[in-house]
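Source file: start20.txt. Holds: compact mmCIF, C-alpha atoms.
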# COMPACT_ATOMS: atom_id res chain seq x y z
CA MET A 1 0.22 23.13 -3.46
CA TYR A 2 -2.24 22.58 -0.65
CA SER A 3 -1.10 22.69 2.96
CA LEU A 4 -1.32 19.59 5.15
CA GLU A 5 -4.14 21.08 7.18
CA GLU A 6 -6.08 21.95 4.02
CA LEU A 7 -5.71 18.37 2.81
CA LYS A 8 -6.88 16.98 6.16
CA SER A 9 -9.90 19.25 6.07
CA PHE A 10 -10.61 18.14 2.50
CA LEU A 11 -10.39 14.46 3.43
CA LYS A 12 -12.52 14.89 6.53
CA LYS A 13 -15.35 16.18 4.36
CA ARG A 14 -14.78 13.61 1.62
CA LEU A 15 -14.46 10.43 3.70
CA SER A 16 -16.51 8.70 6.37
CA LYS A 17 -15.27 9.13 9.93
CA LYS A 18 -13.92 5.56 10.00
CA ARG A 19 -12.04 5.98 6.71
CA PHE A 20 -10.68 9.37 7.73
CA VAL A 21 -9.38 7.99 11.03
CA HIS A 22 -7.82 5.06 9.16
CA SER A 23 -6.07 7.50 6.83
CA LEU A 24 -4.61 9.38 9.80
CA TYR A 25 -3.36 6.13 11.34
CA VAL A 26 -1.77 5.03 8.06
CA ALA A 27 -0.09 8.42 7.74
CA ASP A 28 1.32 8.11 11.27
CA GLU A 29 2.63 4.59 10.59
CA ALA A 30 4.11 5.63 7.25
CA TYR A 31 5.90 8.51 8.96
CA LYS A 32 7.45 6.14 11.51
CA LEU A 33 8.45 3.50 8.98
CA ALA A 34 9.97 6.09 6.66
CA GLY A 35 12.09 7.54 9.44
CA PHE A 36 13.19 4.06 10.48
CA TYR A 37 14.23 3.06 6.96
CA GLY A 38 15.80 6.31 5.82
CA GLU A 39 13.00 7.60 3.59
CA ASP A 40 11.37 11.03 3.72
CA PRO A 41 8.93 10.91 6.68
CA ASP A 42 6.94 13.99 5.66
CA LYS A 43 6.42 12.70 2.15
CA ALA A 44 5.46 9.29 3.50
CA TYR A 45 2.96 10.92 5.86
CA LEU A 46 1.36 12.70 2.90
CA ALA A 47 1.14 9.51 0.85
CA GLY A 48 -0.35 7.63 3.79
CA LEU A 49 -2.85 10.37 4.45
CA LEU A 50 -4.07 10.42 0.85
CA HIS A 51 -3.86 6.73 -0.05
CA ASP A 52 -7.64 6.18 0.22
CA VAL A 53 -8.74 9.52 -1.23
CA CYS A 54 -11.05 7.78 -3.73
CA LYS A 55 -11.98 4.75 -1.62
CA GLU A 56 -15.54 5.90 -0.99
CA SER A 57 -16.19 7.63 -4.31
CA PRO A 58 -18.98 6.23 -6.51
CA ALA A 59 -17.82 3.27 -8.59
CA ALA A 60 -18.51 5.09 -11.86
CA GLU A 61 -16.30 7.99 -10.76
CA GLN A 62 -13.52 5.63 -9.69
CA GLU A 63 -13.69 3.81 -13.01
CA GLU A 64 -13.54 7.07 -14.98
CA LEU A 65 -10.51 8.31 -13.03
CA MET A 66 -8.78 4.95 -13.27
CA LEU A 67 -9.17 4.79 -17.04
CA LYS A 68 -8.14 8.42 -17.50
CA GLY A 69 -4.98 7.75 -15.52
CA ASN A 70 -3.87 5.11 -18.05
CA MET A 71 -1.67 3.34 -15.46
CA ASN A 72 -1.34 -0.12 -17.03
CA ILE A 73 -4.41 -1.51 -15.33
CA SER A 74 -4.39 -5.31 -15.24
CA GLY A 75 -7.31 -7.48 -16.24
CA ALA A 76 -7.94 -8.57 -12.66
CA GLU A 77 -8.04 -4.94 -11.53
CA LEU A 78 -10.57 -4.03 -14.22
CA SER A 79 -12.75 -6.91 -13.02
CA THR A 80 -12.57 -5.99 -9.31
CA LYS A 81 -14.25 -2.75 -8.23
CA ALA A 82 -12.63 -2.91 -4.79
CA LEU A 83 -9.26 -2.30 -6.44
CA TRP A 84 -10.22 0.73 -8.52
CA HIS A 85 -9.57 3.27 -5.77
CA GLY A 86 -5.77 2.83 -5.99
CA PRO A 87 -5.21 3.91 -9.60
CA ALA A 88 -8.20 6.26 -9.39
CA GLY A 89 -6.68 7.91 -6.33
CA ALA A 90 -3.30 8.32 -7.97
CA TYR A 91 -4.84 10.09 -10.94
CA PHE A 92 -7.05 12.20 -8.68
CA LEU A 93 -4.00 13.41 -6.74
CA LYS A 94 -2.32 14.49 -9.93
CA ALA A 95 -5.32 15.98 -11.73
CA GLU A 96 -7.21 17.56 -8.84
CA LEU A 97 -4.68 18.17 -6.05
CA GLU A 98 -1.72 19.00 -8.31
CA ILE A 99 0.55 16.41 -6.68
CA ASN A 100 3.15 15.29 -9.21
CA ASP A 101 5.63 13.45 -7.00
CA SER A 102 6.06 10.03 -8.65
CA ASP A 103 6.87 8.34 -5.32
CA ILE A 104 3.55 9.43 -3.85
CA LEU A 105 1.56 8.67 -7.00
CA ASN A 106 3.04 5.18 -7.36
CA ALA A 107 2.59 4.45 -3.67
CA VAL A 108 -1.10 5.36 -3.84
CA ARG A 109 -1.59 3.50 -7.11
CA PHE A 110 -0.16 0.23 -5.72
CA HIS A 111 -0.99 0.47 -2.01
CA THR A 112 -3.58 -2.32 -2.21
CA ILE A 113 -2.22 -4.80 -4.74
CA GLY A 114 1.51 -4.11 -4.63
CA LYS A 115 3.82 -5.03 -7.50
CA ALA A 116 7.25 -6.52 -8.01
CA GLY A 117 10.09 -4.01 -7.94
CA MET A 118 8.42 -1.45 -5.72
CA SER A 119 10.71 1.15 -4.20
CA ARG A 120 11.18 1.05 -0.45
CA PHE A 121 9.02 4.18 -0.21
CA GLU A 122 6.17 2.45 -2.07
CA GLU A 123 6.57 -0.63 0.12
CA ILE A 124 6.37 1.52 3.24
CA ILE A 125 2.92 2.82 2.25
CA TYR A 126 1.82 -0.72 1.39
CA MET A 127 3.00 -1.91 4.80
CA ALA A 128 1.66 1.09 6.73
CA ASP A 129 -1.82 0.40 5.35
CA LEU A 130 -1.59 -3.16 6.65
CA ILE A 131 -0.27 -2.49 10.16
CA SER A 132 -1.86 0.86 11.03
CA GLU A 133 -3.15 1.24 14.58
CA ASP A 134 -6.77 0.55 13.63
CA ARG A 135 -6.02 -2.87 12.13
CA ASP A 136 -7.09 -5.77 14.34
CA TYR A 137 -6.80 -8.94 12.23
CA LYS A 138 -5.16 -12.06 13.67
CA ASP A 139 -1.35 -11.78 13.94
CA VAL A 140 -1.32 -8.03 13.26
CA ASP A 141 1.02 -7.57 16.24
CA LYS A 142 3.42 -10.06 14.69
CA MET A 143 3.27 -8.11 11.43
CA ARG A 144 3.99 -4.85 13.26
CA LYS A 145 7.05 -6.33 14.91
CA LEU A 146 8.34 -7.84 11.66
CA ALA A 147 7.96 -4.51 9.87
CA TYR A 148 10.66 -3.07 12.13
CA THR A 149 12.90 -6.12 12.46
CA ASP A 150 12.87 -7.93 9.09
CA PHE A 151 11.22 -5.87 6.38
CA GLU A 152 11.73 -8.45 3.62
CA LYS A 153 10.05 -11.15 5.73
CA ALA A 154 7.30 -8.66 6.61
CA MET A 155 6.63 -7.96 2.93
CA TYR A 156 6.48 -11.70 2.21
CA GLU A 157 4.04 -12.26 5.06
CA ALA A 158 2.01 -9.24 3.97
CA VAL A 159 1.52 -10.39 0.39
CA CYS A 160 0.72 -13.93 1.61
CA TYR A 161 -1.95 -12.48 3.89
CA SER A 162 -3.33 -10.37 1.05
CA MET A 163 -3.57 -13.34 -1.30
CA GLU A 164 -5.21 -15.51 1.37
CA CYS A 165 -7.87 -12.84 1.89
CA VAL A 166 -8.58 -12.66 -1.83
CA ILE A 167 -8.79 -16.44 -2.15
CA LYS A 168 -11.23 -16.67 0.77
CA LYS A 169 -13.48 -14.20 -1.03
CA GLN A 170 -12.98 -16.17 -4.28
CA ASN A 171 -11.93 -12.99 -6.09
CA TYR A 172 -9.30 -12.48 -8.76
CA ILE A 173 -5.67 -12.18 -7.71
CA PRO A 174 -4.12 -9.28 -9.64
CA GLU A 175 -1.13 -10.16 -11.78
CA TYR A 176 0.86 -7.47 -9.99
CA THR A 177 0.21 -9.18 -6.64
CA VAL A 178 1.36 -12.55 -7.98
CA ASP A 179 4.57 -10.93 -9.22
CA LEU A 180 5.14 -9.36 -5.79
CA TYR A 181 4.60 -12.72 -4.11
CA ASN A 182 7.09 -14.42 -6.43
CA GLN A 183 9.66 -11.69 -5.78
CA TYR A 184 9.52 -12.06 -2.02
CA ALA A 185 9.15 -15.85 -2.09
CA TYR A 186 12.45 -15.88 -3.96
CA ILE A 187 14.11 -13.39 -1.61
CA CYS A 188 12.99 -15.21 1.53
CA SER A 189 13.96 -18.59 0.10
CA ALA A 190 17.44 -17.30 -0.76
CA CYS A 191 17.82 -15.81 2.73
CA LYS A 192 16.78 -19.10 4.31
CA LYS A 193 19.29 -21.08 2.21
CA ASN A 194 22.09 -18.65 3.09
CA LYS A 195 21.25 -18.91 6.78
CA GLU A 196 21.23 -22.71 6.63
CA LYS A 197 24.54 -22.65 4.76
CA ASN A 198 26.14 -20.31 7.31
CA ASP A 199 24.75 -22.31 10.22
CA GLY A 200 26.28 -25.43 8.72
CA LYS A 201 29.72 -23.83 8.78
CA LYS A 202 29.57 -23.23 12.53
Whole structure, structure tokens version:
Amino acid sequence: MYSLEELKSFLKKRLSKKRFVHSLYVADEAYKLAGFYGEDPDKAYLAGLLHDVCKESPAAEQEELMLKGNMNISGAELSTKALWHGPAGAYFLKAELEINDSDILNAVRFHTIGKAGMSRFEEIIYMADLISEDRDYKDVDKMRKLAYTDFEKAMYEAVCYSMECVIKKQNYIPEYTVDLYNQYAYICSACKKNKEKNDGKK
């Protein structure tokens, strides 16, 4: 097993400066979120640090790793090169860095597209990638606040934002992302109905 410093050194050589800094910010955010929600902060830091390990690898290499990993790749993923680095990265961690922790592997595999039924740990990496310190999209501050006050609502807003970005680019929406949206649309709708019902009793 490689030490944290060895992995940082490895990433620094493998990634561009911007991507390496992003990885450090995601790791920091994942550490904070994990501590806040009762998950393992050190493990979350590691997953956040390594989530983009294959982001800047040649497309052919990403495709080879993705297919070798045999991780139930959806049709939309196969058709969208920008999504290959998730499953490719998960397989790379296992095959090259000897990381076998399923929480970390699943978190890296789904950190971009998400999926219904993710564990809280997996969701934390998904969220950390979206609200890391280097992110500057509109309403990112709102997302950061929600992540620590109403995680279910934050996940709903996050997947809505993700789908909107994909639609603007006129790309495919992965089936996994649609399932995640439906999950949190249902959860947030149920919460809203319960709140309205309770407010009506007052």
For Met66 in chain A: contacts at 10 Å, only C-alpha atoms, fewer than 6 positions along chain excluded, given as a VMD selection string: chain A and resid 60 72 to 73 78 83 to 92 109
Give me, as CSV, each residue of range 78-150 of chain A that comes within 9 Å of range 16-32 of chain A, together with its shortest interatomic pair and the distance in Å at one decimal, counting only C-alpha atoms, with rows ordered by chain and rising residue number.
residue,atom,partner,partner_atom,distance
A:Ile124,CA,A:Ala30,CA,6.2
A:Ile125,CA,A:Ala30,CA,5.9
A:Tyr126,CA,A:Ala30,CA,8.9
A:Met127,CA,A:Ala30,CA,8.0
A:Ala128,CA,A:Ala30,CA,5.2
A:Asp129,CA,A:Val26,CA,5.4
A:Leu130,CA,A:Val26,CA,8.3
A:Ile131,CA,A:Glu29,CA,7.7
A:Ser132,CA,A:Val26,CA,5.1
A:Glu133,CA,A:Tyr25,CA,5.9
A:Asp134,CA,A:His22,CA,6.4
A:Arg135,CA,A:His22,CA,8.7
One-decimal distance in Å that lies between CA of Leu11 in chain A and CA of Asp141 in chain A: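 The value is 27.9 Å.
In this comparison, which uses only C-alpha atoms, the residue of A:Met163, A:Val53, A:Ile113, A:Ala76 approaching Glu96 in chain A most closely is A:Val53.
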Non-local contacts of Ala147 in chain A (10 Å; only C-alpha atoms; under 2 positions in same chain excluded) as a PyMOL selection string: chain A and resi 33+124+127-128+131+141-145+149-155+157-158
Distance of CA of Gly48 in chain A from CA of Leu15 in chain A, expressed in Å to one decimal place: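 It comes out at 14.4 Å.
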Pairwise distance for CA of Tyr37 in chain A and CA of Tyr148 in chain A, rounded to one decimal in Å: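 Interatomic distance here is 8.8 Å.
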Give me, as a tab-separated table, the closest atom pair and its distance (Å, one decimal) for every residue of range 94-132 of chain A within a cut-off of 6 Å of range 175-187 of chain A, counting only C-alpha atoms, rows sorted by chain and rising number.
residue	atom	partner	partner_atom	distance
A:Ile113	CA	A:Thr177	CA	5.4
A:Gly114	CA	A:Thr177	CA	5.6
A:Lys115	CA	A:Tyr176	CA	4.6
A:Ala116	CA	A:Leu180	CA	4.2
Residue nearest Tyr172 in chain A among A:Ala82, A:Met1, A:Ala44, A:Leu50 (counting only C-alpha atoms):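 Ranking A:Ala82, A:Met1, A:Ala44, A:Leu50 by distance to Tyr172 in chain A, first place goes to A:Ala82.
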To test the calculation: enclose all listed atoms of range 102-110 of chain A in a box whose edges run along x, y and z, add 5 Å on each side, then state centre and edge lengths in Å to one decimal, as JSON.
{"center_x": 2.6, "center_y": 5.1, "center_z": -6.2, "size_x": 18.5, "size_y": 19.8, "size_z": 15.0}
